[in-house]
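Take a look at the structure below.
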Amino acid sequence: MRKTLTIFTTAIAAFFSFTAYAQDPMDHKQHMQHMAAAGSDTRQQVNFPPEMRQHTLTNMRDHLEALSGILSSMSAGKFAKAAQVASERLGMDSPSAEGCKSEETSGKPQMSKPMNMDHQMSQFMPEGMRNIGLAMHQAASDFAVEANKAGKSGNPKLALAALSKVAQQCVACHASYKVQ
Ligand code: HEC
């Protein structure tokens, strides 16, 4: 009887630990990011000259402000306004996107104008980081298209899905790179 009871309680314990694991609201990747944030810092250090680092962080604060503005416009049903903020401040044609475009993707002849800070940044960024940056700017342009469609249909569902892809790229880059 005692033995049966032990087996029974072990089975119950195993069942509960399994369901606790299965119900973990974080998926594996998020869990690993959470662990990295709580413990050792596994991000790659990128060395920018001091003014470029300041410029990047200023850009970043603008990215967050833009995202915040987009979210309030979306929640107020001002979808066209959300699209405008996304294209002007985060999209592929925004000034900040220049830093993530290589000479080939920017489509501009190299000597057409003096290189500004955004332009020079592409030369300091590791390719992986630049690609995530490009993916974020592209996602913002895609969002703008969906938000304008939402302005016509009145249904923001696809626009919100597109917006979450923008935020995913912010998270992806922050999980892998640091400049200070
Ligand atoms: C291609 C990479 C990349 C992408 C994409 C990116 N960031 Fe960043 N961001 C960084 C890096 C690198 C830092 C500096 C982190 C560090 O050194 O600790 C940073 C820092 C920040 C900061 C802190 C700024 C400060 O003054 O310290 C904010 C806020 C921020 N990012 C917001 C965003 C938002 C919002 C998005 C998406 C819309 C975004 N970032 C997308 C790379 C990125």
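By order in the structure tokens, chains are A, B, ...; within a chain, residues start at 1; ligands start at 1, following the order shown.
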#### Entry: Nearby polymer residues, ligand 1, at most 6 Å, only C-alpha atoms and all ligand atoms, as a list of chain:residue names
A:Leu57, A:Met60, A:Arg61, A:His63, A:Leu64, A:Met129, A:Arg130, A:Ile132, A:Gly133, A:Met136, A:Ala167, A:Gln169, A:Cys170, A:Cys173, A:His174, A:Tyr177, A:Lys178, A:Val179, A:Gln180
### Task
Would you list the contacts of A:Ala162 as a VMD selection string, taking every protein, DNA or RNA residue within 12 Å and counting only C-alpha atoms, but skipping same-chain residues closer than 3 positions in sequence?
chain A and resid 83 86 136 to 150 156 to 159 165 to 169
#### Entry: DSSP alpha helix (DSSP H) residues within stretch 58-166 of chain A, listed as a PyMOL selection string
chain A and resi 58-75+79-89+103-106+117-124+127-153+157-166
### Message
What does the structure give for the distance between atom CA of A:Ser122 and atom CA of A:Cys100, in Å to one decimal?
### Response
5.3 Å
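Close contacts of A:Ala82, defined as residues with an atom at most 6 Å away when counting only C-alpha atoms, with chain neighbours fewer than 3 positions off set aside, comprise A:Ile70, A:Ser73, A:Phe79, A:Val85.
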### Separation of atom CA of A:Ser102 from atom CA of A:Pro50 in Å
21.4 Å
### Task
Name the closest residue to A:Ala76 among the candidates A:Gly154, A:Val171, A:Leu90, A:Glu51; distances are taken between atoms, counting only C-alpha atoms.
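The closest residue to A:Ala76 is A:Gly154.
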### Query
Using only C-alpha atoms, which residue out of A:Leu71, A:Ala66, A:Met92, A:Met125 lies closest to A:Asn47?
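Of all the options, A:Met125 lies closest to A:Asn47.
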### Task
Go ahead and compute the interatomic distance for atom CA of A:Asn116 and atom CA of A:Glu88, in Å to one decimal.
18.2 Å
